[in-house]
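Structure data follow from target-v8.csv (CSV, C-alpha atoms):
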chain,number,residue,atom,x,y,z
A,1,MET,CA,-3.3,3.3,43.0
A,2,SER,CA,-4.3,6.4,45.1
A,3,LEU,CA,-7.4,8.5,44.9
A,4,VAL,CA,-9.9,7.2,42.4
A,5,TYR,CA,-13.0,9.3,43.2
A,6,ALA,CA,-13.8,12.6,44.9
A,7,GLY,CA,-17.3,14.0,45.5
A,8,VAL,CA,-19.6,15.7,47.9
A,9,LEU,CA,-23.1,15.1,49.2
A,10,SER,CA,-25.5,16.3,51.8
A,11,HIS,CA,-26.1,14.4,55.0
A,12,ALA,CA,-29.1,16.0,56.8
A,13,PRO,CA,-30.9,13.6,59.0
A,14,GLY,CA,-34.2,14.5,57.4
A,15,ILE,CA,-33.1,12.9,54.1
A,16,THR,CA,-33.8,9.5,55.6
A,17,GLY,CA,-35.7,10.4,58.8
A,18,ARG,CA,-38.3,12.7,57.3
A,19,ALA,CA,-38.6,11.1,53.9
A,20,ASP,CA,-42.3,10.4,54.5
A,21,LEU,CA,-43.1,14.1,55.3
A,22,VAL,CA,-42.0,15.3,51.9
A,23,GLU,CA,-44.7,16.7,49.7
A,24,ASN,CA,-42.5,17.2,46.6
A,25,THR,CA,-41.8,13.4,46.3
A,26,ALA,CA,-40.7,13.8,42.7
A,27,LYS,CA,-37.8,16.1,43.8
A,28,ARG,CA,-37.0,13.8,46.7
A,29,ASP,CA,-36.8,10.8,44.4
A,30,GLU,CA,-34.5,12.8,42.1
A,31,LEU,CA,-32.2,13.4,45.0
A,32,TYR,CA,-32.2,9.7,45.9
A,33,ALA,CA,-31.5,8.8,42.2
A,34,ALA,CA,-28.5,11.2,42.2
A,35,LEU,CA,-27.2,9.6,45.4
A,36,ASP,CA,-27.6,6.2,43.9
A,37,ASN,CA,-25.7,7.3,40.8
A,38,GLN,CA,-22.9,8.5,43.1
A,39,ARG,CA,-22.9,5.0,44.6
A,40,GLN,CA,-22.6,3.4,41.2
A,41,GLU,CA,-19.8,5.8,40.2
A,42,ILE,CA,-17.8,4.9,43.3
A,43,GLU,CA,-18.4,1.2,42.8
A,44,GLU,CA,-17.3,1.5,39.2
A,45,THR,CA,-13.9,2.8,40.3
A,46,GLY,CA,-13.2,-0.4,42.2
A,47,ALA,CA,-12.6,1.6,45.4
A,48,GLU,CA,-11.3,-0.5,48.2
A,49,ALA,CA,-12.0,2.0,50.9
A,50,LEU,CA,-14.1,5.2,51.3
A,51,ILE,CA,-12.9,8.2,53.2
A,52,VAL,CA,-15.8,10.3,54.5
A,53,ILE,CA,-14.9,13.8,55.5
A,54,ALA,CA,-17.7,14.8,57.9
A,55,ALA,CA,-18.7,17.6,60.1
A,56,GLU,CA,-19.8,15.5,63.1
A,57,HIS,CA,-22.4,16.7,65.5
A,58,PHE,CA,-21.1,15.8,69.0
A,59,ALA,CA,-21.0,12.1,68.6
A,60,ASN,CA,-17.4,11.8,69.6
A,61,PHE,CA,-15.7,15.1,70.1
A,62,PHE,CA,-16.6,17.7,72.7
A,63,MET,CA,-15.1,21.0,74.0
A,64,ASN,CA,-13.0,19.1,76.5
A,65,ASN,CA,-10.7,18.1,73.7
A,66,MET,CA,-11.8,19.3,70.3
A,67,PRO,CA,-9.5,18.4,67.4
A,68,ALA,CA,-9.4,20.6,64.3
A,69,PHE,CA,-9.0,17.4,62.3
A,70,CYS,CA,-9.3,13.7,63.1
A,71,ILE,CA,-8.8,10.5,61.1
A,72,GLY,CA,-10.4,7.2,62.0
A,73,ILE,CA,-8.0,4.3,62.4
A,74,GLY,CA,-10.4,1.8,63.8
A,75,ALA,CA,-11.2,-1.7,62.5
A,76,ARG,CA,-14.9,-1.2,63.0
A,77,TYR,CA,-17.3,1.5,63.9
A,78,GLU,CA,-20.9,1.7,65.1
A,79,GLY,CA,-23.8,3.9,64.4
A,80,PRO,CA,-26.1,5.8,64.4
A,81,ILE,CA,-25.9,7.2,67.8
A,82,GLU,CA,-29.3,8.7,67.3
A,83,ASP,CA,-32.6,6.9,67.8
A,84,PRO,CA,-32.8,4.6,64.8
A,85,GLU,CA,-36.6,5.2,64.5
A,86,TRP,CA,-35.9,9.0,64.3
A,87,LEU,CA,-33.2,8.6,61.6
A,88,LYS,CA,-34.8,5.6,60.0
A,89,ILE,CA,-31.5,3.9,59.8
A,90,PRO,CA,-31.0,0.8,62.0
A,91,LYS,CA,-28.0,0.6,64.4
A,92,THR,CA,-25.2,-1.4,62.7
A,93,ASN,CA,-21.5,-2.0,62.6
A,94,VAL,CA,-19.5,-0.5,59.8
A,95,PRO,CA,-16.1,-2.0,58.7
A,96,GLY,CA,-13.1,0.3,59.0
A,97,ALA,CA,-9.7,0.3,57.2
A,98,ALA,CA,-7.4,0.4,60.2
A,99,ASP,CA,-4.1,-0.2,58.4
A,100,LEU,CA,-4.8,2.2,55.6
A,101,GLY,CA,-6.2,4.8,58.1
A,102,LYS,CA,-2.9,4.7,60.0
A,103,ARG,CA,-0.8,5.1,56.9
A,104,LEU,CA,-2.9,8.0,55.7
A,105,THR,CA,-2.6,9.6,59.1
A,106,GLN,CA,1.2,9.2,59.1
A,107,GLU,CA,1.4,10.9,55.7
A,108,VAL,CA,-1.0,13.7,56.5
A,109,MET,CA,0.9,14.5,59.7
A,110,LYS,CA,4.0,15.4,57.6
A,111,THR,CA,2.2,18.7,56.8
A,112,VAL,CA,-0.9,19.0,58.9
A,113,ASP,CA,-1.3,18.1,62.6
A,114,THR,CA,-4.2,15.7,62.8
A,115,ALA,CA,-5.7,13.8,65.6
A,116,TYR,CA,-6.6,10.1,65.1
A,117,ALA,CA,-9.1,7.9,66.8
A,118,GLU,CA,-9.5,4.1,67.0
A,119,GLU,CA,-13.0,4.6,68.5
A,120,TRP,CA,-15.6,6.5,66.6
A,121,LYS,CA,-19.4,6.5,66.8
A,122,PHE,CA,-21.1,7.6,63.6
A,123,ASP,CA,-24.0,10.1,63.8
A,124,HIS,CA,-26.3,11.1,60.9
A,125,GLY,CA,-23.4,13.0,59.3
A,126,ILE,CA,-21.8,9.8,58.3
A,127,MET,CA,-24.7,7.3,58.5
A,128,VAL,CA,-26.9,9.1,56.0
A,129,PRO,CA,-24.2,9.2,53.3
A,130,LEU,CA,-23.3,5.5,54.0
A,131,HIS,CA,-27.0,4.6,53.8
A,132,PHE,CA,-26.9,5.6,50.1
A,133,LEU,CA,-23.3,5.0,49.1
A,134,THR,CA,-22.8,1.6,50.6
A,135,PRO,CA,-26.2,0.4,51.8
A,136,ASP,CA,-25.0,-3.0,52.8
A,137,TYR,CA,-22.0,-1.5,54.6
A,138,GLU,CA,-19.6,-3.6,52.7
A,139,LEU,CA,-17.1,-0.9,51.8
A,140,PRO,CA,-14.4,-0.2,54.5
A,141,ILE,CA,-14.8,3.3,55.8
A,142,ILE,CA,-12.2,5.8,57.1
A,143,PRO,CA,-14.1,8.6,58.9
A,144,VAL,CA,-12.5,12.0,59.0
A,145,ASN,CA,-13.8,15.0,60.9
A,146,ILE,CA,-13.2,18.7,60.6
A,147,ASN,CA,-14.5,20.8,63.4
A,148,CYS,CA,-17.5,22.7,62.1
A,149,GLN,CA,-19.5,22.7,65.3
A,150,GLY,CA,-17.6,23.9,68.4
A,151,PRO,CA,-16.0,27.4,67.9
A,152,PRO,CA,-13.2,28.2,67.6
A,153,LEU,CA,-13.6,26.4,64.3
A,154,THR,CA,-11.0,25.0,61.9
A,155,PRO,CA,-10.0,27.9,59.6
A,156,LEU,CA,-10.9,27.4,55.9
A,157,HIS,CA,-7.4,27.6,54.7
A,158,ARG,CA,-6.4,24.8,57.0
A,159,ALA,CA,-9.3,22.7,55.7
A,160,TRP,CA,-7.8,23.3,52.3
A,161,ALA,CA,-4.3,22.4,53.5
A,162,PHE,CA,-5.8,19.2,55.1
A,163,GLY,CA,-7.4,18.3,51.8
A,164,GLU,CA,-4.1,18.6,49.9
A,165,ALA,CA,-2.3,16.6,52.6
A,166,LEU,CA,-5.0,13.9,52.3
A,167,ARG,CA,-4.5,13.8,48.6
A,168,ARG,CA,-0.7,13.4,49.0
A,169,ALA,CA,-1.4,10.6,51.5
A,170,CYS,CA,-3.8,8.8,49.2
A,171,ASN,CA,-1.2,9.1,46.3
A,172,ALA,CA,1.3,7.3,48.5
A,173,ALA,CA,-1.1,4.3,49.2
A,174,PRO,CA,-1.4,1.4,46.8
A,175,GLU,CA,-5.1,1.0,47.5
A,176,LYS,CA,-7.9,2.4,45.4
A,177,ILE,CA,-9.4,5.1,47.6
A,178,ALA,CA,-12.7,7.0,47.2
A,179,LEU,CA,-13.3,10.3,49.0
A,180,VAL,CA,-16.5,12.1,49.8
A,181,GLY,CA,-17.1,15.2,51.8
A,182,THR,CA,-20.4,15.6,53.4
A,183,GLY,CA,-21.9,18.8,54.7
A,184,GLY,CA,-24.4,21.5,54.1
A,185,ILE,CA,-24.1,24.8,52.5
A,186,SER,CA,-26.6,27.4,53.9
A,187,HIS,CA,-28.9,26.0,56.5
A,188,TRP,CA,-30.2,26.7,60.0
A,189,PRO,CA,-30.7,23.2,61.3
A,190,ALA,CA,-31.8,22.4,64.8
A,191,THR,CA,-33.2,25.9,65.3
A,192,PRO,CA,-36.8,27.3,64.8
A,193,ASP,CA,-35.5,28.5,61.4
A,194,SER,CA,-35.0,25.0,60.2
A,195,GLY,CA,-36.0,24.7,56.6
A,196,LYS,CA,-34.7,28.2,55.7
A,197,ILE,CA,-32.2,28.0,52.8
A,198,ASN,CA,-30.4,30.8,51.1
A,199,GLU,CA,-30.4,29.5,47.6
A,200,PRO,CA,-28.5,32.4,46.0
A,201,TRP,CA,-25.7,32.0,48.5
A,202,ASP,CA,-25.7,28.2,48.0
A,203,ARG,CA,-25.4,28.6,44.2
A,204,ASP,CA,-22.6,31.2,44.5
A,205,PHE,CA,-20.7,28.8,46.8
A,206,LEU,CA,-21.3,25.9,44.4
A,207,ASP,CA,-20.1,28.0,41.5
A,208,ARG,CA,-16.8,28.6,43.4
A,209,LEU,CA,-16.6,25.0,44.4
A,210,MET,CA,-17.2,23.6,40.9
A,211,ARG,CA,-14.5,26.0,39.5
A,212,ASN,CA,-12.3,24.8,42.3
A,213,ASP,CA,-11.3,28.4,42.9
A,214,ARG,CA,-9.1,28.3,46.0
A,215,GLU,CA,-9.0,32.0,46.5
A,216,ALA,CA,-12.8,32.4,46.2
A,217,LEU,CA,-13.5,29.4,48.4
A,218,LEU,CA,-11.2,30.6,51.2
A,219,SER,CA,-12.5,34.2,51.1
A,220,TYR,CA,-15.5,33.6,53.4
A,221,SER,CA,-15.2,34.9,57.0
A,222,ASP,CA,-17.1,33.0,59.7
A,223,GLU,CA,-19.1,36.1,60.4
A,224,GLU,CA,-20.2,36.3,56.8
A,225,THR,CA,-21.1,32.6,56.7
A,226,TYR,CA,-23.1,32.9,59.9
A,227,ARG,CA,-25.0,35.8,58.6
A,228,ASP,CA,-25.7,34.5,55.1
A,229,GLY,CA,-25.5,30.7,55.5
A,230,GLY,CA,-26.4,30.2,59.1
A,231,GLN,CA,-24.4,28.1,61.6
A,232,GLY,CA,-24.9,25.1,59.3
A,233,GLY,CA,-22.9,27.0,56.7
A,234,PHE,CA,-19.8,26.3,58.7
A,235,GLU,CA,-19.9,22.8,57.2
A,236,ILE,CA,-18.5,24.2,53.9
A,237,ARG,CA,-15.2,23.1,55.3
A,238,THR,CA,-15.8,19.5,54.3
A,239,PHE,CA,-16.6,20.5,50.7
A,240,ILE,CA,-13.5,22.8,50.6
A,241,ALA,CA,-11.2,20.0,51.8
A,242,VAL,CA,-12.5,17.7,49.1
A,243,ALA,CA,-12.0,20.3,46.4
A,244,ALA,CA,-8.4,20.7,47.6
A,245,ALA,CA,-7.9,17.0,47.5
A,246,ALA,CA,-9.4,16.5,44.1
A,247,ALA,CA,-7.6,19.5,42.5
A,248,GLY,CA,-9.7,19.3,39.4
A,249,LEU,CA,-13.0,20.9,38.2
A,250,GLY,CA,-16.3,19.9,39.8
A,251,GLU,CA,-19.4,18.7,38.2
A,252,LEU,CA,-22.7,19.6,40.0
A,253,GLN,CA,-24.9,16.6,39.5
A,254,PHE,CA,-27.8,17.7,41.7
A,255,TYR,CA,-28.9,20.6,43.8
A,256,THR,CA,-32.3,21.7,45.1
A,257,ALA,CA,-33.6,24.1,47.7
A,258,GLU,CA,-37.1,22.6,47.1
A,259,LEU,CA,-37.0,20.1,50.0
A,260,PRO,CA,-37.1,22.3,53.1
A,261,ILE,CA,-38.3,19.4,55.2
A,262,PHE,CA,-34.7,18.1,54.9
A,263,ALA,CA,-33.5,21.5,56.3
A,264,VAL,CA,-30.7,21.9,53.8
A,265,GLY,CA,-30.2,22.6,50.1
A,266,CYS,CA,-29.5,19.0,48.9
A,267,THR,CA,-26.3,18.6,46.9
A,268,VAL,CA,-24.5,15.9,44.9
A,269,ALA,CA,-21.3,16.6,43.0
A,270,ARG,CA,-18.1,15.0,41.8
A,271,PHE,CA,-14.7,16.3,41.0
A,272,SER,CA,-12.1,15.6,38.3
A,273,LEU,CA,-8.9,14.4,39.9
A,274,ASP,CA,-6.8,16.0,37.2
A,275,SER,CA,-5.5,19.5,38.1
A,276,ASN,CA,-4.4,20.0,34.5
A,277,ALA,CA,-8.0,20.4,33.5
A,278,ARG,CA,-8.0,23.8,35.3
A,279,GLY,CA,-6.8,26.9,33.8
A,280,ASP,CA,-5.4,28.5,36.9
A,281,ARG,CA,-3.4,25.7,38.3
A,282,ALA,CA,-1.2,23.3,36.3
B,1,MET,CA,-18.9,26.8,82.9
B,2,SER,CA,-22.4,25.7,83.8
B,3,LEU,CA,-23.6,25.6,80.1
B,4,TYR,CA,-20.5,23.6,79.4
B,5,GLN,CA,-21.5,21.1,82.0
B,6,LEU,CA,-25.1,21.0,80.8
B,7,GLN,CA,-24.0,20.3,77.3
B,8,LYS,CA,-21.6,17.7,78.5
B,9,PHE,CA,-24.4,15.9,80.3
B,10,LEU,CA,-26.4,15.8,77.1
B,11,PHE,CA,-23.4,14.9,74.9
B,12,GLU,CA,-22.7,11.8,77.1
B,13,LEU,CA,-26.3,10.9,77.2
B,14,ASN,CA,-26.8,11.1,73.5
B,15,ARG,CA,-23.8,8.9,72.6
B,16,ASP,CA,-23.8,6.3,75.3
B,17,GLU,CA,-26.5,3.7,75.8
B,18,SER,CA,-25.2,2.9,79.3
B,19,VAL,CA,-25.7,6.5,80.2
B,20,GLN,CA,-29.2,6.4,78.7
B,21,ASP,CA,-30.0,3.4,80.9
B,22,ARG,CA,-28.9,5.4,84.0
B,23,TYR,CA,-30.9,8.4,82.8
B,24,ARG,CA,-34.0,6.2,82.9
B,25,SER,CA,-33.2,4.4,86.2
B,26,HIS,CA,-31.1,6.9,88.3
B,27,LEU,CA,-31.6,10.4,86.8
B,28,ASP,CA,-30.8,12.2,90.0
B,29,ALA,CA,-27.6,10.3,90.6
B,30,LEU,CA,-26.6,11.0,87.0
B,31,ILE,CA,-27.3,14.7,87.3
B,32,ASN,CA,-25.2,14.9,90.5
B,33,ASN,CA,-22.1,14.1,88.5
B,34,PHE,CA,-22.4,17.5,86.8
B,35,ASP,CA,-22.0,21.1,88.2
B,36,LEU,CA,-25.4,22.4,87.2
B,37,THR,CA,-27.7,25.3,88.3
B,38,ASP,CA,-31.1,24.7,89.7
B,39,GLU,CA,-32.6,26.0,86.5
B,40,GLU,CA,-30.6,23.6,84.4
B,41,ILE,CA,-31.4,20.6,86.7
B,42,LYS,CA,-35.1,21.4,86.4
B,43,ALA,CA,-34.9,21.7,82.6
B,44,LEU,CA,-33.3,18.3,82.5
B,45,ARG,CA,-35.7,16.7,84.9
B,46,ASP,CA,-38.6,18.1,82.8
B,47,GLY,CA,-37.1,17.4,79.4
B,48,ASP,CA,-37.8,21.1,78.8
B,49,ILE,CA,-36.6,21.5,75.2
B,50,GLY,CA,-37.6,25.1,75.0
B,51,LEU,CA,-35.7,26.2,78.1
B,52,LEU,CA,-32.6,24.1,77.2
B,53,TYR,CA,-32.6,25.8,73.8
B,54,VAL,CA,-32.8,29.2,75.3
B,55,LEU,CA,-30.0,28.3,77.8
B,56,GLY,CA,-27.8,27.9,74.8
B,57,VAL,CA,-27.4,24.1,74.4
B,58,ASN,CA,-25.9,23.5,70.9
B,59,GLY,CA,-28.7,22.7,68.5
B,60,GLN,CA,-27.3,19.4,67.4
B,61,ILE,CA,-26.9,18.2,70.9
B,62,LEU,CA,-30.5,19.3,71.7
B,63,MET,CA,-31.9,17.8,68.5
B,64,HIS,CA,-30.4,14.4,69.3
B,65,TYR,CA,-31.8,14.7,72.9
B,66,ALA,CA,-35.2,15.5,71.6
B,67,ALA,CA,-35.0,12.4,69.3
B,68,PHE,CA,-34.0,10.4,72.4
B,69,LEU,CA,-37.1,11.7,74.2
B,70,GLY,CA,-39.2,10.6,71.2
B,71,ILE,CA,-40.4,14.1,70.4
B,72,GLU,CA,-42.0,14.4,67.0
B,73,TRP,CA,-40.2,16.8,64.5
B,74,PHE,CA,-42.7,19.6,64.3
B,75,ASN,CA,-43.4,19.5,68.0
B,76,TYR,CA,-39.7,19.8,68.6
B,77,LEU,CA,-39.5,22.9,66.5
B,78,ASP,CA,-42.6,24.4,68.3
B,79,LEU,CA,-41.0,23.6,71.7
B,80,MET,CA,-38.0,25.7,70.8
B,81,ARG,CA,-40.3,28.5,69.6
B,82,ASP,CA,-42.3,28.3,72.8
B,83,GLY,CA,-39.1,28.4,74.8
B,84,ILE,CA,-38.2,31.7,73.2
B,85,GLU,CA,-41.7,33.1,73.8
B,86,LYS,CA,-41.6,32.1,77.4
B,87,HIS,CA,-37.9,32.7,78.4
B,88,GLY,CA,-36.7,35.2,75.8
B,89,PRO,CA,-33.9,35.0,73.2
B,90,VAL,CA,-31.2,32.3,73.2
B,91,ARG,CA,-28.6,33.3,75.8
B,92,ALA,CA,-25.5,31.7,74.2
B,93,GLY,CA,-24.1,29.8,71.3
B,94,VAL,CA,-24.4,29.8,67.5
B,95,TYR,CA,-27.8,28.1,67.4
B,96,ALA,CA,-29.7,31.3,68.3
B,97,MET,CA,-32.8,32.0,66.3
B,98,THR,CA,-31.5,34.6,63.8
B,99,GLY,CA,-34.6,34.6,61.5
B,100,ASP,CA,-38.2,35.0,62.3
B,101,GLY,CA,-38.5,31.3,63.4
B,102,ASP,CA,-41.4,30.6,61.1
B,103,SER,CA,-39.7,30.1,57.8
B,104,PHE,CA,-40.9,26.5,57.8
B,105,THR,CA,-43.1,24.4,59.9
B,106,ALA,CA,-44.8,21.9,57.7
B,107,GLU,CA,-44.0,22.0,54.0
B,108,GLY,CA,-45.8,24.9,52.4
B,109,LYS,CA,-47.5,25.9,55.7
B,110,LYS,CA,-46.7,28.7,58.1
B,111,ARG,CA,-47.3,28.3,61.8
I'd like the structure from this file rewritten - as structure tokens, please.
Amino acid sequence: MSLVYAGVLSHAPGITGRADLVENTAKRDELYAALDNQRQEIEETGAEALIVIAAEHFANFFMNNMPAFCIGIGARYEGPIEDPEWLKIPKTNVPGAADLGKRLTQEVMKTVDTAYAEEWKFDHGIMVPLHFLTPDYELPIIPVNINCQGPPLTPLHRAWAFGEALRRACNAAPEKIALVGTGGISHWPATPDSGKINEPWDRDFLDRLMRNDREALLSYSDEETYRDGGQGGFEIRTFIAVAAAAAGLGELQFYTAELPIFAVGCTVARFSLDSNARGDRA
Amino acid sequence: MSLYQLQKFLFELNRDESVQDRYRSHLDALINNFDLTDEEIKALRDGDIGLLYVLGVNGQILMHYAAFLGIEWFNYLDLMRDGIEKHGPVRAGVYAMTGDGDSFTAEGKKR
């Protein structure tokens, strides 16, 4: 049946962990409603598994052996690695989709060299999305990582190629598969500048993303991203990979820079899976 | 190489509950497994977030460590600011403070 859903969302730990410190609770609740809507949209597709393209934060991969890409092929995972009280998400086990993960990996490897892992601990980068998208942890998960943390980073054009490879792999599978990418746009998390958001830069990126404009999306240098979007901006790789996989136009369903306590501009969007809907790519 | 070792210590601590148990019961023995400078060892023994930040520990690794230590969010941000005030700019890595460091403390409030 192949890919049935593609979307993106934010994953900042504050979204759950610092919910009670928000002053603009109306905006926070709008975000939560948008995330719940995303959950419903995924459920309505009848998805049998959810791929989460994440930008993990040193829960599994370190500079002793850092893959540019990794796909989870485990039967189960655990998370969060963080203090559950800090993240406000209890430690839990999450079902995997081992067989599907292996088949996807095999297909992706035909064009993109990816690592794979049968062991994988989830940090906030995956647990926060799952908290909203499958709150009872019933949907089998295939975690995917793109190195957005430990330079040298995965080049943007390789993230695009990986997304296209993942789409081809999904198309070859009989299961209904949903895909989300989770990252931030501009943000300076885990620094004293936490809470700073470059909203114009975010909105320009989102415009490129919703147009699914490959050339515009791949035109950022890491130096420019670091200057304008902070080190957190390196996570645009996850969004770019989903755009490549989806191939169609995006629909921005929610964005706000008005929740600085979450340390990121919060984003929810989905993509058409039909490349024919675009003018520049048939 | 030493910053690599320091970050690896914290990476393993953050993700492994058995290492966390050893941290609580046999910290010195745990530290001895890593090739660390005296300054780094003292920072780990003291849980000195400010110094670890200035030494260049990746911010995500440090944030998870601060959470493990039970440090409240705004206090954690202030500890990094204090570290810079005391020890100077961040010496390595991409988590250096590139802004003024006071863009946000509590919602709508400056430090």
Report as JSON lines: every residue of chain A with an atom at most 10 Å from chain B, its closest pair of atoms, and their distance in Å to one decimal, counting only C-alpha atoms, with rows sorted by chain and ascending residue number.
{"residue": "A:Gly14", "atom": "CA", "partner": "B:Trp73", "partner_atom": "CA", "distance": 9.6}
{"residue": "A:Gly17", "atom": "CA", "partner": "B:Trp73", "partner_atom": "CA", "distance": 9.7}
{"residue": "A:Arg18", "atom": "CA", "partner": "B:Trp73", "partner_atom": "CA", "distance": 8.5}
{"residue": "A:Leu21", "atom": "CA", "partner": "B:Glu107", "partner_atom": "CA", "distance": 8.1}
{"residue": "A:Val22", "atom": "CA", "partner": "B:Glu107", "partner_atom": "CA", "distance": 7.3}
{"residue": "A:Glu23", "atom": "CA", "partner": "B:Glu107", "partner_atom": "CA", "distance": 6.9}
{"residue": "A:Asn24", "atom": "CA", "partner": "B:Glu107", "partner_atom": "CA", "distance": 8.9}
{"residue": "A:Glu56", "atom": "CA", "partner": "B:Gln60", "partner_atom": "CA", "distance": 9.5}
{"residue": "A:His57", "atom": "CA", "partner": "B:Gln60", "partner_atom": "CA", "distance": 5.9}
{"residue": "A:Phe58", "atom": "CA", "partner": "B:Phe11", "partner_atom": "CA", "distance": 6.4}
{"residue": "A:Ala59", "atom": "CA", "partner": "B:Arg15", "partner_atom": "CA", "distance": 5.8}
{"residue": "A:Asn60", "atom": "CA", "partner": "B:Arg15", "partner_atom": "CA", "distance": 7.6}
{"residue": "A:Phe61", "atom": "CA", "partner": "B:Phe11", "partner_atom": "CA", "distance": 9.1}
{"residue": "A:Phe62", "atom": "CA", "partner": "B:Lys8", "partner_atom": "CA", "distance": 7.7}
{"residue": "A:Met63", "atom": "CA", "partner": "B:Tyr4", "partner_atom": "CA", "distance": 8.1}
{"residue": "A:Asn64", "atom": "CA", "partner": "B:Lys8", "partner_atom": "CA", "distance": 8.9}
{"residue": "A:Gly79", "atom": "CA", "partner": "B:Arg15", "partner_atom": "CA", "distance": 9.6}
{"residue": "A:Pro80", "atom": "CA", "partner": "B:Arg15", "partner_atom": "CA", "distance": 9.1}
{"residue": "A:Ile81", "atom": "CA", "partner": "B:Arg15", "partner_atom": "CA", "distance": 5.5}
{"residue": "A:Glu82", "atom": "CA", "partner": "B:His64", "partner_atom": "CA", "distance": 6.1}
{"residue": "A:Asp83", "atom": "CA", "partner": "B:Phe68", "partner_atom": "CA", "distance": 5.9}
{"residue": "A:Pro84", "atom": "CA", "partner": "B:Ala67", "partner_atom": "CA", "distance": 9.3}
{"residue": "A:Glu85", "atom": "CA", "partner": "B:Ala67", "partner_atom": "CA", "distance": 8.8}
{"residue": "A:Trp86", "atom": "CA", "partner": "B:Ala67", "partner_atom": "CA", "distance": 6.1}
{"residue": "A:Leu87", "atom": "CA", "partner": "B:Ala67", "partner_atom": "CA", "distance": 8.8}
{"residue": "A:Lys121", "atom": "CA", "partner": "B:Arg15", "partner_atom": "CA", "distance": 7.7}
{"residue": "A:Phe122", "atom": "CA", "partner": "B:Arg15", "partner_atom": "CA", "distance": 9.5}
{"residue": "A:Asp123", "atom": "CA", "partner": "B:Arg15", "partner_atom": "CA", "distance": 8.9}
{"residue": "A:His124", "atom": "CA", "partner": "B:His64", "partner_atom": "CA", "distance": 9.9}
{"residue": "A:Gln149", "atom": "CA", "partner": "B:Asn58", "partner_atom": "CA", "distance": 8.5}
{"residue": "A:Gly150", "atom": "CA", "partner": "B:Asn58", "partner_atom": "CA", "distance": 8.7}
{"residue": "A:Pro151", "atom": "CA", "partner": "B:Val94", "partner_atom": "CA", "distance": 8.7}
{"residue": "A:Trp188", "atom": "CA", "partner": "B:Tyr95", "partner_atom": "CA", "distance": 7.9}
{"residue": "A:Pro189", "atom": "CA", "partner": "B:Gly59", "partner_atom": "CA", "distance": 7.5}
{"residue": "A:Ala190", "atom": "CA", "partner": "B:Gly59", "partner_atom": "CA", "distance": 4.8}
{"residue": "A:Thr191", "atom": "CA", "partner": "B:Met97", "partner_atom": "CA", "distance": 6.2}
{"residue": "A:Pro192", "atom": "CA", "partner": "B:Gly101", "partner_atom": "CA", "distance": 4.6}
{"residue": "A:Asp193", "atom": "CA", "partner": "B:Gly101", "partner_atom": "CA", "distance": 4.6}
{"residue": "A:Ser194", "atom": "CA", "partner": "B:Phe104", "partner_atom": "CA", "distance": 6.5}
{"residue": "A:Gly195", "atom": "CA", "partner": "B:Phe104", "partner_atom": "CA", "distance": 5.4}
{"residue": "A:Lys196", "atom": "CA", "partner": "B:Ser103", "partner_atom": "CA", "distance": 5.7}
{"residue": "A:Ile197", "atom": "CA", "partner": "B:Ser103", "partner_atom": "CA", "distance": 9.3}
{"residue": "A:Tyr226", "atom": "CA", "partner": "B:Val94", "partner_atom": "CA", "distance": 8.3}
{"residue": "A:Arg227", "atom": "CA", "partner": "B:Thr98", "partner_atom": "CA", "distance": 8.4}
{"residue": "A:Gly230", "atom": "CA", "partner": "B:Thr98", "partner_atom": "CA", "distance": 8.2}
{"residue": "A:Gln231", "atom": "CA", "partner": "B:Val94", "partner_atom": "CA", "distance": 6.1}
{"residue": "A:Gly232", "atom": "CA", "partner": "B:Tyr95", "partner_atom": "CA", "distance": 9.1}
{"residue": "A:Glu258", "atom": "CA", "partner": "B:Glu107", "partner_atom": "CA", "distance": 9.8}
{"residue": "A:Leu259", "atom": "CA", "partner": "B:Glu107", "partner_atom": "CA", "distance": 8.3}
{"residue": "A:Pro260", "atom": "CA", "partner": "B:Glu107", "partner_atom": "CA", "distance": 7.0}
{"residue": "A:Ile261", "atom": "CA", "partner": "B:Glu107", "partner_atom": "CA", "distance": 6.4}
{"residue": "A:Ala263", "atom": "CA", "partner": "B:Phe104", "partner_atom": "CA", "distance": 9.1}
Next on the checklist: When you look at Ala117 (chain A) with a cut-off of 7 Å (counting only C-alpha atoms), what residues show up, excluding the ones that are within fewer than 3 positions of it in the same chain? I need them as a PyMOL selection string.
Outcome noted: chain A and resi 70-74+120
Checklist entry - What is the distance, in Å and to one decimal place, between CA of Ser2 (chain A) and CA of Cys170 (chain A)? => result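 Going from CA of Ser2 (chain A) over to CA of Cys170 (chain A) covers 4.8 Å.
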Next on the checklist: Between CA of Thr154 (chain A) and CA of Val94 (chain A), what distance in Å does the model show, to one decimal?
Outcome noted: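 Interatomic distance here is 27.0 Å.
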Next on the checklist: To one decimal place in Å, what is the distance between CA of Arg214 (chain A) and CA of Leu249 (chain A)?
Outcome noted: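 Those two atoms sit 11.4 Å apart.
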Item to check | Residue neighbourhood His87 (chain B), 7 Å, only C-alpha atoms, exclusion window fewer than 4 positions, as a PyMOL selection string | outcome: chain B and resi 51+54+83
Next on the checklist: Just checking: using all atoms listed in the file, which residue out of A:Asn93, A:Asn65, A:Thr182, A:Thr114 ends up closest to Ile236 (chain A)?
Outcome noted: A:Thr182
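Among A:Cys266, A:Ala161, A:Thr45, A:Tyr5, the residue with the shortest atom-to-atom distance to Leu218 (chain A), counting only C-alpha atoms, is A:Ala161.
Closest approach to Thr134 (chain A) among A:Gly101, A:Pro95, A:Gly248, A:Gly163: A:Pro95, based on only C-alpha atoms.
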Item to check | Nearest residue to Asn171 (chain A) from the set A:Ile53, A:Ile89, A:Ala245, A:Ala47 (distances using only C-alpha atoms) | outcome: A:Ala245
